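Source file model-v9.tsv; content: TSV, C-alpha atoms.
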```tsv
chain	number	residue	atom	x	y	z
A	1	MET	CA	90.82	94.17	112.32
A	2	SER	CA	88.97	92.18	114.96
A	3	GLN	CA	85.74	92.94	113.06
A	4	ARG	CA	86.83	90.27	110.62
A	5	ALA	CA	86.18	86.57	110.95
A	6	PRO	CA	89.20	84.71	112.35
A	7	TRP	CA	89.56	82.84	109.03
A	8	GLU	CA	89.77	86.08	107.11
A	9	GLU	CA	92.38	87.70	109.27
A	10	GLN	CA	96.08	87.70	108.56
A	11	ARG	CA	98.13	86.00	111.24
A	12	LYS	CA	101.71	86.88	111.82
A	13	LEU	CA	104.20	85.16	114.09
A	14	LEU	CA	106.75	87.12	116.09
A	15	VAL	CA	110.14	85.53	116.62
A	16	LYS	CA	111.66	85.94	120.07
A	17	LEU	CA	114.36	83.34	119.92
A	18	GLU	CA	116.27	81.36	117.32
A	19	GLU	CA	115.93	77.82	118.57
A	20	GLU	CA	116.01	74.30	117.14
A	21	THR	CA	114.07	71.26	118.23
A	22	ASP	CA	115.70	67.90	118.91
A	23	PRO	CA	114.37	65.44	116.28
A	24	ALA	CA	114.79	62.60	118.79
A	25	LEU	CA	112.03	64.01	121.01
A	26	GLY	CA	108.29	63.93	120.37
A	27	CYS	CA	106.79	63.46	116.92
A	28	PRO	CA	105.31	65.90	114.36
A	29	PRO	CA	101.48	65.52	114.30
A	30	THR	CA	101.38	64.22	110.72
A	31	LYS	CA	103.96	61.47	111.45
A	32	ARG	CA	102.23	59.84	114.41
A	33	PRO	CA	101.82	56.05	114.34
A	34	LEU	CA	98.22	55.00	113.62
A	35	ASP	CA	97.18	54.32	117.22
A	36	GLN	CA	98.41	57.73	118.31
A	37	HIS	CA	96.95	59.37	115.22
A	38	LEU	CA	93.54	58.16	116.36
A	39	ARG	CA	94.16	58.90	120.01
A	40	PHE	CA	94.92	62.55	119.18
A	41	GLY	CA	92.54	62.72	116.25
A	42	LEU	CA	89.61	64.81	115.10
A	43	ILE	CA	86.94	64.09	112.55
A	44	ASN	CA	85.19	66.74	110.50
A	45	LEU	CA	81.76	65.13	110.44
A	46	ASP	CA	78.93	66.19	108.20
A	47	LYS	CA	76.10	65.85	110.67
A	48	PRO	CA	72.92	64.51	109.08
A	49	SER	CA	69.59	66.00	110.06
A	50	GLY	CA	67.57	64.02	112.56
A	51	PRO	CA	69.82	62.65	115.29
A	52	SER	CA	71.16	65.09	117.88
A	53	SER	CA	74.83	65.98	118.09
A	54	HIS	CA	75.08	63.83	121.19
A	55	GLU	CA	73.54	60.80	119.51
A	56	VAL	CA	75.90	61.16	116.57
A	57	VAL	CA	78.90	61.23	118.90
A	58	ALA	CA	77.67	58.10	120.67
A	59	TRP	CA	77.29	56.28	117.32
A	60	VAL	CA	80.73	57.21	116.09
A	61	LYS	CA	82.28	56.29	119.42
A	62	ARG	CA	80.73	52.85	119.28
A	63	MET	CA	81.45	52.39	115.58
A	64	LEU	CA	85.16	53.19	115.94
A	65	ARG	CA	85.37	51.41	119.30
A	66	MET	CA	86.64	54.48	121.14
A	67	LYS	CA	86.62	54.91	124.89
A	68	HIS	CA	86.15	58.67	124.67
A	69	ALA	CA	84.74	61.01	122.08
A	70	GLY	CA	83.16	64.41	122.10
A	71	HIS	CA	81.94	67.11	119.79
A	72	GLY	CA	82.65	70.78	119.51
A	73	GLY	CA	79.63	73.03	119.24
A	74	THR	CA	76.18	71.54	119.47
A	75	LEU	CA	74.16	71.61	116.31
A	76	GLU	CA	70.61	71.88	117.57
A	77	THR	CA	70.13	69.42	120.40
A	78	PHE	CA	66.43	70.16	120.35
A	79	ALA	CA	65.90	69.52	116.66
A	80	ARG	CA	63.30	66.85	117.35
A	81	LEU	CA	61.22	69.19	119.39
A	82	GLU	CA	61.44	71.95	116.87
A	83	GLN	CA	60.11	69.75	114.13
A	84	SER	CA	56.81	69.72	115.92
A	85	ASP	CA	54.35	72.37	114.86
A	86	GLY	CA	53.67	73.34	118.44
A	87	TYR	CA	57.19	74.39	119.11
A	88	ARG	CA	57.49	76.26	115.86
A	89	ARG	CA	54.35	78.24	116.59
A	90	ALA	CA	55.40	78.85	120.15
A	91	SER	CA	58.91	79.98	119.18
A	92	SER	CA	57.75	82.33	116.44
A	93	SER	CA	55.14	84.06	118.58
A	94	SER	CA	56.99	84.40	121.89
B	95	MET	CA	66.55	70.90	110.25
B	96	VAL	CA	70.14	71.42	111.07
B	97	THR	CA	73.08	69.78	109.32
B	98	GLY	CA	76.71	70.46	108.54
B	99	VAL	CA	80.14	70.61	110.10
B	100	LEU	CA	80.30	68.94	113.50
B	101	PRO	CA	83.87	68.54	114.74
B	102	LEU	CA	84.31	65.27	116.62
B	103	ALA	CA	87.22	64.56	118.92
B	104	LEU	CA	88.51	61.08	119.70
B	105	GLU	CA	90.09	59.77	122.91
B	106	ASP	CA	92.72	62.18	124.26
B	107	ALA	CA	91.79	64.84	121.70
B	108	THR	CA	88.49	65.16	123.58
B	109	LYS	CA	90.36	67.44	125.95
B	110	THR	CA	90.76	70.01	123.18
B	111	ILE	CA	87.04	70.46	122.71
B	112	GLN	CA	86.84	73.61	124.78
B	113	ALA	CA	89.01	75.27	122.15
B	114	PHE	CA	86.50	74.41	119.41
B	115	LEU	CA	83.71	75.94	121.34
B	116	LEU	CA	85.52	79.26	121.14
B	117	THR	CA	86.14	79.33	117.39
B	118	GLY	CA	83.94	81.27	114.99
B	119	LYS	CA	81.29	79.57	112.87
B	120	GLU	CA	79.74	80.05	109.48
B	121	TYR	CA	76.23	78.98	108.50
B	122	VAL	CA	73.98	79.00	105.49
B	123	CYS	CA	70.52	79.78	106.72
B	124	LEU	CA	67.07	79.60	105.17
B	125	MET	CA	64.76	82.14	106.75
B	126	ALA	CA	61.01	82.12	106.21
B	127	LEU	CA	59.36	85.53	106.43
B	128	HIS	CA	55.80	85.70	107.74
B	129	GLY	CA	54.81	88.49	105.35
B	130	ASP	CA	55.85	90.11	102.10
B	131	VAL	CA	58.84	92.45	102.19
B	132	GLU	CA	60.69	94.16	99.38
B	133	GLU	CA	64.03	92.58	98.55
B	134	LYS	CA	65.87	95.88	98.99
B	135	LYS	CA	64.57	96.25	102.52
B	136	VAL	CA	65.53	92.70	103.42
B	137	GLN	CA	69.06	93.31	102.13
B	138	ALA	CA	69.36	96.53	104.14
B	139	VAL	CA	68.00	95.06	107.37
B	140	LEU	CA	70.21	91.98	107.17
B	141	GLU	CA	73.24	94.20	106.70
B	142	GLU	CA	72.32	96.09	109.89
B	143	PHE	CA	72.97	92.92	111.86
B	144	VAL	CA	76.65	92.86	110.89
B	145	GLY	CA	78.79	93.96	113.84
B	146	ASP	CA	78.09	93.55	117.54
B	147	ILE	CA	74.61	92.39	118.44
B	148	LEU	CA	72.94	91.65	121.77
B	149	GLN	CA	71.29	88.29	122.22
B	150	ARG	CA	69.46	86.55	125.00
B	151	PRO	CA	69.85	82.77	124.60
B	152	PRO	CA	66.57	80.97	123.82
B	153	VAL	CA	64.50	79.40	126.59
B	154	ARG	CA	65.82	75.97	125.75
B	155	ALA	CA	69.54	76.67	125.81
B	156	ALA	CA	72.61	75.04	127.29
B	157	VAL	CA	73.81	78.28	128.88
B	158	ARG	CA	72.63	80.94	131.31
B	159	ARG	CA	70.02	83.18	129.78
B	160	ASP	CA	71.82	86.46	130.26
B	161	VAL	CA	71.88	88.98	127.44
B	162	ARG	CA	75.28	88.75	125.81
B	163	LYS	CA	77.18	90.46	123.07
B	164	ARG	CA	78.04	88.49	119.98
B	165	ARG	CA	79.80	89.57	116.81
B	166	ILE	CA	78.39	88.95	113.36
B	167	TYR	CA	81.41	89.07	111.05
B	168	TYR	CA	79.48	89.11	107.81
B	169	ILE	CA	76.20	88.36	106.09
B	170	ARG	CA	76.62	87.46	102.43
B	171	ASP	CA	75.07	85.85	99.40
B	172	VAL	CA	71.54	86.96	100.25
B	173	GLU	CA	69.02	85.40	97.87
B	174	MET	CA	65.27	85.78	97.94
B	175	GLY	CA	62.39	83.81	96.51
B	176	GLY	CA	58.98	84.92	97.68
B	177	ARG	CA	59.04	84.84	101.46
B	178	ASP	CA	62.12	82.64	101.63
B	179	VAL	CA	65.46	84.30	102.29
B	180	LEU	CA	68.72	82.41	101.96
B	181	PHE	CA	71.93	83.88	103.35
B	182	ARG	CA	75.39	83.05	104.61
B	183	VAL	CA	76.45	84.31	108.01
B	184	GLY	CA	79.86	84.31	109.72
B	185	CYS	CA	79.60	84.74	113.48
B	186	GLN	CA	81.31	84.43	116.80
B	187	ALA	CA	80.95	81.20	118.76
B	188	GLY	CA	77.78	81.02	120.81
B	189	THR	CA	75.58	82.99	118.42
B	190	TYR	CA	72.08	81.57	118.17
B	191	ILE	CA	71.03	81.73	114.55
B	192	ARG	CA	67.43	80.80	115.29
B	193	LYS	CA	67.32	83.84	117.55
B	194	LEU	CA	69.10	86.02	115.00
B	195	VAL	CA	66.48	85.12	112.40
B	196	TYR	CA	63.67	85.83	114.84
B	197	ASP	CA	65.16	89.25	115.60
B	198	MET	CA	65.57	89.97	111.87
B	199	GLY	CA	61.88	89.19	111.45
B	200	GLU	CA	61.02	91.65	114.22
B	201	VAL	CA	63.05	94.44	112.62
B	202	LEU	CA	61.48	93.68	109.25
B	203	GLY	CA	58.10	94.02	110.95
B	204	VAL	CA	56.59	90.83	109.57
B	205	GLY	CA	58.17	88.20	111.78
B	206	ALA	CA	60.31	85.29	110.59
B	207	HIS	CA	61.53	81.88	111.60
B	208	MET	CA	64.48	79.73	110.70
B	209	ARG	CA	63.47	76.97	108.33
B	210	GLU	CA	66.79	75.29	107.68
B	211	LEU	CA	70.35	75.68	108.82
B	212	ARG	CA	73.60	74.24	107.63
B	213	ARG	CA	76.89	74.88	109.39
B	214	THR	CA	79.51	75.44	106.70
B	215	ARG	CA	82.43	76.13	109.01
B	216	ALA	CA	83.61	75.65	112.58
B	217	GLY	CA	87.00	77.30	112.98
B	218	SER	CA	89.31	75.66	110.45
B	219	PHE	CA	86.84	72.85	109.65
B	220	THR	CA	84.85	73.51	106.48
B	221	ASP	CA	82.01	71.61	104.87
B	222	GLY	CA	83.94	70.83	101.69
B	223	GLU	CA	86.25	68.63	103.75
B	224	SER	CA	83.75	66.82	105.95
B	225	PHE	CA	82.91	63.10	106.08
B	226	SER	CA	79.53	61.45	106.47
B	227	LEU	CA	78.48	58.76	108.92
B	228	TYR	CA	78.60	56.35	105.96
B	229	ASP	CA	82.27	57.22	105.38
B	230	LEU	CA	82.96	56.49	109.04
B	231	MET	CA	81.11	53.21	108.81
B	232	GLU	CA	83.41	52.26	105.96
B	233	LEU	CA	86.38	53.11	108.16
B	234	SER	CA	85.04	51.04	111.05
B	235	GLU	CA	84.58	47.98	108.84
B	236	ALA	CA	87.90	48.24	106.99
B	237	LYS	CA	90.68	45.71	107.47
B	238	THR	CA	94.20	46.66	108.60
B	239	GLU	CA	95.83	48.14	105.50
B	240	GLU	CA	92.75	49.84	104.17
B	241	ARG	CA	91.91	50.97	107.67
B	242	GLU	CA	95.17	52.87	107.95
B	243	VAL	CA	94.60	54.62	104.61
B	244	LEU	CA	91.03	55.59	105.53
B	245	ALA	CA	91.97	56.63	109.07
B	246	ARG	CA	94.70	58.92	107.77
B	247	ARG	CA	92.25	60.48	105.36
B	248	MET	CA	89.27	60.91	107.67
B	249	VAL	CA	90.96	61.60	110.97
B	250	LYS	CA	93.01	64.79	111.32
B	251	PRO	CA	95.60	65.58	113.98
B	252	MET	CA	93.99	67.62	116.75
B	253	GLU	CA	96.44	70.40	115.97
B	254	SER	CA	94.56	71.11	112.73
B	255	ALA	CA	91.71	72.65	114.75
B	256	PHE	CA	93.99	75.32	116.16
B	257	GLU	CA	94.77	77.14	112.95
B	258	TYR	CA	93.03	80.31	114.17
B	259	VAL	CA	93.86	80.07	117.85
B	260	PRO	CA	96.61	82.49	118.99
B	261	ARG	CA	99.65	80.48	119.96
B	262	ILE	CA	103.09	80.36	121.51
B	263	TYR	CA	105.85	78.01	120.40
B	264	ILE	CA	107.97	76.87	123.31
B	265	ARG	CA	111.45	75.37	123.74
B	266	ASP	CA	111.97	71.62	124.02
B	267	SER	CA	113.33	72.15	127.52
B	268	THR	CA	110.11	73.87	128.63
B	269	VAL	CA	107.66	71.23	127.37
B	270	SER	CA	107.93	68.86	130.32
B	271	SER	CA	107.34	71.52	132.95
B	272	ILE	CA	104.20	72.69	131.11
B	273	CYS	CA	103.03	69.07	130.91
B	274	HIS	CA	103.37	68.92	134.68
B	275	GLY	CA	101.13	71.95	135.00
B	276	ALA	CA	103.65	74.79	135.40
B	277	GLU	CA	103.01	78.27	134.02
B	278	LEU	CA	104.93	79.37	130.96
B	279	ALA	CA	107.73	81.80	131.79
B	280	VAL	CA	109.12	84.22	129.21
B	281	PRO	CA	112.48	82.43	128.71
B	282	GLY	CA	110.58	79.38	127.36
B	283	ILE	CA	109.10	81.33	124.44
B	284	VAL	CA	110.46	80.88	120.92
B	285	ARG	CA	107.75	82.31	118.63
B	286	LEU	CA	104.31	83.78	119.26
B	287	SER	CA	101.20	85.18	117.57
B	288	GLU	CA	101.22	88.96	117.40
B	289	SER	CA	97.63	89.49	118.60
B	290	ILE	CA	97.81	88.10	122.15
B	291	VAL	CA	96.39	90.17	125.02
B	292	PRO	CA	96.17	89.20	128.71
B	293	LYS	CA	93.39	86.70	129.60
B	294	MET	CA	93.14	85.50	126.00
B	295	SER	CA	92.77	81.74	125.44
B	296	ILE	CA	95.86	80.57	123.62
B	297	ALA	CA	97.58	77.29	122.75
B	298	LEU	CA	101.14	76.19	123.44
B	299	PHE	CA	103.00	74.27	120.73
B	300	THR	CA	106.36	72.54	120.45
B	301	LEU	CA	108.69	73.51	117.62
B	302	LYS	CA	107.45	70.32	115.90
B	303	ASP	CA	103.93	71.75	115.85
B	304	GLU	CA	102.67	69.38	118.55
B	305	LEU	CA	99.97	70.76	120.82
B	306	VAL	CA	101.19	70.85	124.43
B	307	ALA	CA	98.51	72.68	126.40
B	308	LEU	CA	95.68	75.18	126.37
B	309	SER	CA	96.59	78.28	128.33
B	310	LYS	CA	95.46	81.72	129.34
B	311	ALA	CA	97.76	84.62	128.46
B	312	LEU	CA	99.11	86.69	131.33
B	313	MET	CA	100.92	89.18	129.07
B	314	SER	CA	100.39	90.80	125.69
B	315	SER	CA	102.51	89.78	122.70
B	316	ASP	CA	104.44	93.05	123.00
B	317	GLN	CA	105.26	92.38	126.65
B	318	MET	CA	106.36	88.84	125.85
B	319	MET	CA	108.71	90.21	123.21
B	320	LYS	CA	110.14	92.89	125.51
B	321	GLU	CA	110.47	91.10	128.85
B	322	ASP	CA	113.24	88.66	129.65
B	323	HIS	CA	111.54	87.08	132.66
B	324	GLY	CA	108.15	86.74	134.29
B	325	LEU	CA	105.10	84.54	133.68
B	326	ALA	CA	103.65	84.75	130.18
B	327	ALA	CA	100.79	82.25	130.34
B	328	LYS	CA	98.90	80.14	132.85
B	329	THR	CA	98.39	76.50	131.91
B	330	VAL	CA	94.68	75.66	131.80
B	331	ARG	CA	94.58	72.20	130.28
B	332	VAL	CA	97.51	69.91	129.54
B	333	ILE	CA	96.98	67.87	126.38
B	334	MET	CA	100.35	66.24	125.75
B	335	PRO	CA	101.21	63.17	127.86
B	336	ALA	CA	103.79	64.20	130.47
B	337	GLU	CA	106.41	61.64	129.43
B	338	THR	CA	106.64	62.83	125.79
B	339	TYR	CA	109.53	65.22	126.41
B	340	PRO	CA	112.22	64.61	129.07
B	341	ARG	CA	112.24	66.54	132.28
B	342	MET	CA	114.95	69.17	131.99
B	343	TRP	CA	114.07	71.46	134.84
B	344	LYS	CA	115.69	71.27	138.22
B	345	THR	CA	113.55	71.15	141.33
B	346	LYS	CA	116.02	73.49	143.08
B	347	THR	CA	115.65	76.27	140.52
B	348	VAL	CA	111.88	76.04	140.70
B	349	THR	CA	111.92	76.35	144.48
B	350	VAL	CA	114.17	79.40	144.34
B	351	GLN	CA	111.97	81.13	141.76
B	352	ALA	CA	108.82	80.41	143.74
```

This entry written out as structure tokens:
Amino acid sequence: MSQRAPWEEQRKLLVKLEEETDPALGCPPTKRPLDQHLRFGLINLDKPSGPSSHEVVAWVKRMLRMKHAGHGGTLETFARLEQSDGYRRASSSS
Amino acid sequence: MVTGVLPLALEDATKTIQAFLLTGKEYVCLMALHGDVEEKKVQAVLEEFVGDILQRPPVRAAVRRDVRKRRIYYIRDVEMGGRDVLFRVGCQAGTYIRKLVYDMGEVLGVGAHMRELRRTRAGSFTDGESFSLYDLMELSEAKTEEREVLARRMVKPMESAFEYVPRIYIRDSTVSSICHGAELAVPGIVRLSESIVPKMSIALFTLKDELVALSKALMSSDQMMKEDHGLAAKTVRVIMPAETYPRMWKTKTVTVQA
């Protein structure tokens, strides 16, 4: 089963306890007020080619006036370098 | 050139990034062969790479260059035109596709390099649902009412990234202690994923589906179901602000247990 991609696996939940949650406490993720929605928010960004993942994060952070932002999983930090013929030749012959 | 799904985290959600780094990825890759190879052979060789492979990270990498095992879940939709090979690959986090392509070229005997790469999935984030920098610019320039509409559409709750992360739902009365850094004990468990094994990275959720913390399992799912006491998971990173749920634990009890 673990040969499969996580998104193609069936996930089951086991129930240990029958328990309710107090509606007065906390807040379901989809009902958060806007400021909290952003504070605990993620963006699925379609990264353009050219700028590095880090540059893109910096732009978005500034654009949305955020104090903190980060990205998950670098998409080619060295893209610039690899555009050069030298690197391409070096990386395909090493 | 590399494009595609890049999950971005804002403010407090930035703490959840380590969980993204662990989720599987899918790419569409354009490989350029350095010689002519029959299509049948290409198909066969690409299929050989499905399963566990060994990879040494490239010279310019963000990690230690030790050989490591990575799983290729699938290689699909292989299309060929001359020396260009297009394919879709699903793989474990931390797989270097540029390296994979290079290795494919070696096995094919003619050599190859990666010409273009597009990430089509990172965990539960797929490229059909992504937004461009232009979309985000629109959001940043929008006025109050429109801003709310756009923000709700473009920004997703951080919990949405955890769809494929094994999880435990905990009782309201346990939330505060976890937020203060305590380990999760068995009596706090309400529901859990069936696939958990010790040392696995998991996430703790409230019964309202709010993310509480990232943890490391200390028991398997079976053990958690069977036992009525003991520590089930070690808290690694608290995400939820501590004051969200009231403190329901007594200092005395904690001292006695410790």

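Within a radius of 12 Å around (95.8, 53.1, 107.6), the polymer residues are Arg32, Pro33, Leu34, Asp35, Gln36, His37 and Leu38 of chain A; Leu233, Ser234, Ala236, Lys237, Thr238, Glu239, Glu240, Arg241, Glu242, Val243, Leu244, Ala245, Arg246, Arg247, Met248 and Val249 of chain B, counting all atoms listed in the file.
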
Counting all atoms listed in the file, which residues in chain B sit no more than 7 Å from chain A? For each one, give the nearest pair of atoms and the distance in Å, sorted by chain then residue number, as a tab-separated table.
```
residue	atom	partner	partner_atom	distance
B:Met95	CA	A:Ser49	CA	5.8
B:Val96	CA	A:Ser49	CA	5.5
B:Thr97	CA	A:Lys47	CA	5.1
B:Gly98	CA	A:Asp46	CA	4.8
B:Val99	CA	A:Asp46	CA	5.0
B:Leu100	CA	A:Leu45	CA	5.1
B:Pro101	CA	A:Asn44	CA	4.8
B:Leu102	CA	A:His71	CA	4.4
B:Ala103	CA	A:Leu42	CA	4.5
B:Leu104	CA	A:Ala69	CA	4.5
B:Glu105	CA	A:His68	CA	4.5
B:Asp106	CA	A:Phe40	CA	5.5
B:Ala107	CA	A:Phe40	CA	4.6
B:Thr108	CA	A:Gly70	CA	5.6
B:Ile111	CA	A:Gly72	CA	5.4
B:Phe114	CA	A:Gly72	CA	5.3
B:Leu115	CA	A:Gly73	CA	5.4
B:Gly118	CA	A:Pro6	CA	6.8
B:Tyr167	CA	A:Ala5	CA	5.4
B:Gly184	CA	A:Ala5	CA	6.8
B:His207	CA	A:Ser92	CA	6.2
B:Phe219	CA	A:Asn44	CA	6.4
B:Ser224	CA	A:Asn44	CA	4.8
B:Phe225	CA	A:Leu45	CA	4.9
B:Ser226	CA	A:Asp46	CA	5.1
B:Met231	CA	A:Met63	CA	6.8
B:Ser234	CA	A:Leu64	CA	5.3
B:Glu242	CA	A:Leu34	CA	6.8
B:Met248	CA	A:Ile43	CA	6.3
B:Val249	CA	A:Ile43	CA	5.0
B:Lys250	CA	A:Leu42	CA	5.1
B:Pro251	CA	A:Gly41	CA	4.8
B:Met252	CA	A:Gly41	CA	5.1
B:Tyr258	CA	A:Pro6	CA	6.1
B:Asp266	CA	A:Thr21	CA	6.2
B:Ile283	CA	A:Lys16	CA	6.8
B:Val284	CA	A:Leu17	CA	4.7
B:Arg285	CA	A:Val15	CA	4.5
B:Leu286	CA	A:Leu14	CA	5.2
B:Ser287	CA	A:Leu13	CA	4.6
B:Glu288	CA	A:Leu13	CA	5.9
B:Leu301	CA	A:Thr21	CA	5.9
B:Lys302	CA	A:Pro28	CA	5.1
B:Asp303	CA	A:Pro28	CA	6.2
B:Glu304	CA	A:Pro29	CA	5.9
B:Met319	CA	A:Lys16	CA	6.1
B:Thr338	CA	A:Gly26	CA	5.8
B:Tyr339	CA	A:Leu25	CA	6.1
```

Go ahead and save the residues from that selection, with C-alpha atoms, as a short mmCIF file (atom, residue, chain, number, x, y, z; two decimals), in the coordinates of the input.
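Listed below is the output, part-v8.cif:
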```cif
data_model
loop_
_atom_site.label_atom_id
_atom_site.label_comp_id
_atom_site.auth_asym_id
_atom_site.auth_seq_id
_atom_site.Cartn_x
_atom_site.Cartn_y
_atom_site.Cartn_z
CA MET B 95 66.55 70.90 110.25
CA VAL B 96 70.14 71.42 111.07
CA THR B 97 73.08 69.78 109.32
CA GLY B 98 76.71 70.46 108.54
CA VAL B 99 80.14 70.61 110.10
CA LEU B 100 80.30 68.94 113.50
CA PRO B 101 83.87 68.54 114.74
CA LEU B 102 84.31 65.27 116.62
CA ALA B 103 87.22 64.56 118.92
CA LEU B 104 88.51 61.08 119.70
CA GLU B 105 90.09 59.77 122.91
CA ASP B 106 92.72 62.18 124.26
CA ALA B 107 91.79 64.84 121.70
CA THR B 108 88.49 65.16 123.58
CA ILE B 111 87.04 70.46 122.71
CA PHE B 114 86.50 74.41 119.41
CA LEU B 115 83.71 75.94 121.34
CA GLY B 118 83.94 81.27 114.99
CA TYR B 167 81.41 89.07 111.05
CA GLY B 184 79.86 84.31 109.72
CA HIS B 207 61.53 81.88 111.60
CA PHE B 219 86.84 72.85 109.65
CA SER B 224 83.75 66.82 105.95
CA PHE B 225 82.91 63.10 106.08
CA SER B 226 79.53 61.45 106.47
CA MET B 231 81.11 53.21 108.81
CA SER B 234 85.04 51.04 111.05
CA GLU B 242 95.17 52.87 107.95
CA MET B 248 89.27 60.91 107.67
CA VAL B 249 90.96 61.60 110.97
CA LYS B 250 93.01 64.79 111.32
CA PRO B 251 95.60 65.58 113.98
CA MET B 252 93.99 67.62 116.75
CA TYR B 258 93.03 80.31 114.17
CA ASP B 266 111.97 71.62 124.02
CA ILE B 283 109.10 81.33 124.44
CA VAL B 284 110.46 80.88 120.92
CA ARG B 285 107.75 82.31 118.63
CA LEU B 286 104.31 83.78 119.26
CA SER B 287 101.20 85.18 117.57
CA GLU B 288 101.22 88.96 117.40
CA LEU B 301 108.69 73.51 117.62
CA LYS B 302 107.45 70.32 115.90
CA ASP B 303 103.93 71.75 115.85
CA GLU B 304 102.67 69.38 118.55
CA MET B 319 108.71 90.21 123.21
CA THR B 338 106.64 62.83 125.79
CA TYR B 339 109.53 65.22 126.41
#
```

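CA of Ile264 (chain B) is found 6.9 Å from CA of Leu298 (chain B).
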
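As for CA of Ser289 (chain B) and CA of Ala311 (chain B), they are spaced 11.0 Å apart.
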
Could you tell me how far CA of Lys310 (chain B) sits from CA of Lys293 (chain B), in Å to one decimal place?
5.4 Å

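If you measure from each of B:Gly205, B:Gln186, B:Arg192, B:Glu235 to Arg154 (chain B) using only C-alpha atoms, the closest one turns out to be B:Arg192.
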
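Distance annotation: of B:Ile296, B:Ile333, B:Val179, B:Leu312, the residue with the minimal separation from His128 (chain B) is B:Val179; atom set is only C-alpha atoms.
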
N, CA and C atoms are what I want for region 47-64 of chain A; can you complete it accordingly and write them as an mmCIF file, in the coordinates of the input?
```cif
data_model
loop_
_atom_site.group_PDB
_atom_site.id
_atom_site.type_symbol
_atom_site.label_atom_id
_atom_site.label_comp_id
_atom_site.auth_asym_id
_atom_site.auth_seq_id
_atom_site.Cartn_x
_atom_site.Cartn_y
_atom_site.Cartn_z
ATOM 1 N N LYS A 47 77.200 66.354 109.856
ATOM 2 C CA LYS A 47 76.100 65.850 110.670
ATOM 3 C C LYS A 47 74.820 65.785 109.833
ATOM 4 N N PRO A 48 74.181 64.607 109.809
ATOM 5 C CA PRO A 48 72.920 64.510 109.080
ATOM 6 C C PRO A 48 71.807 65.158 109.914
ATOM 7 N N SER A 49 70.696 65.448 109.283
ATOM 8 C CA SER A 49 69.590 66.000 110.060
ATOM 9 C C SER A 49 68.879 64.833 110.738
ATOM 10 N N GLY A 50 68.255 65.084 111.848
ATOM 11 C CA GLY A 50 67.570 64.020 112.560
ATOM 12 C C GLY A 50 68.192 63.789 113.908
ATOM 13 N N PRO A 51 69.240 62.949 113.980
ATOM 14 C CA PRO A 51 69.820 62.650 115.290
ATOM 15 C C PRO A 51 70.462 63.900 115.903
ATOM 16 N N SER A 52 70.517 63.955 117.220
ATOM 17 C CA SER A 52 71.160 65.090 117.880
ATOM 18 C C SER A 52 72.667 64.929 117.819
ATOM 19 N N SER A 53 73.363 66.013 118.074
ATOM 20 C CA SER A 53 74.830 65.980 118.090
ATOM 21 C C SER A 53 75.326 64.903 119.049
ATOM 22 N N HIS A 54 74.652 64.792 120.170
ATOM 23 C CA HIS A 54 75.080 63.830 121.190
ATOM 24 C C HIS A 54 74.896 62.387 120.720
ATOM 25 N N GLU A 55 73.781 62.155 120.035
ATOM 26 C CA GLU A 55 73.540 60.800 119.510
ATOM 27 C C GLU A 55 74.595 60.432 118.480
ATOM 28 N N VAL A 56 74.915 61.406 117.615
ATOM 29 C CA VAL A 56 75.900 61.160 116.570
ATOM 30 C C VAL A 56 77.251 60.802 117.188
ATOM 31 N N VAL A 57 77.639 61.523 118.227
ATOM 32 C CA VAL A 57 78.900 61.230 118.900
ATOM 33 C C VAL A 57 78.882 59.810 119.454
ATOM 34 N N ALA A 58 77.773 59.440 120.085
ATOM 35 C CA ALA A 58 77.670 58.100 120.670
ATOM 36 C C ALA A 58 77.810 57.026 119.587
ATOM 37 N N TRP A 59 77.190 57.256 118.416
ATOM 38 C CA TRP A 59 77.290 56.280 117.320
ATOM 39 C C TRP A 59 78.720 56.121 116.865
ATOM 40 N N VAL A 60 79.361 57.257 116.607
ATOM 41 C CA VAL A 60 80.730 57.210 116.090
ATOM 42 C C VAL A 60 81.662 56.545 117.101
ATOM 43 N N LYS A 61 81.452 56.859 118.363
ATOM 44 C CA LYS A 61 82.280 56.290 119.420
ATOM 45 C C LYS A 61 82.175 54.769 119.412
ATOM 46 N N ARG A 62 80.953 54.289 119.280
ATOM 47 C CA ARG A 62 80.730 52.850 119.280
ATOM 48 C C ARG A 62 81.291 52.216 117.998
ATOM 49 N N MET A 63 81.026 52.899 116.886
ATOM 50 C CA MET A 63 81.450 52.390 115.580
ATOM 51 C C MET A 63 82.969 52.231 115.521
ATOM 52 N N LEU A 64 83.702 53.226 116.017
ATOM 53 C CA LEU A 64 85.160 53.190 115.940
ATOM 54 C C LEU A 64 85.784 52.570 117.196
#
```
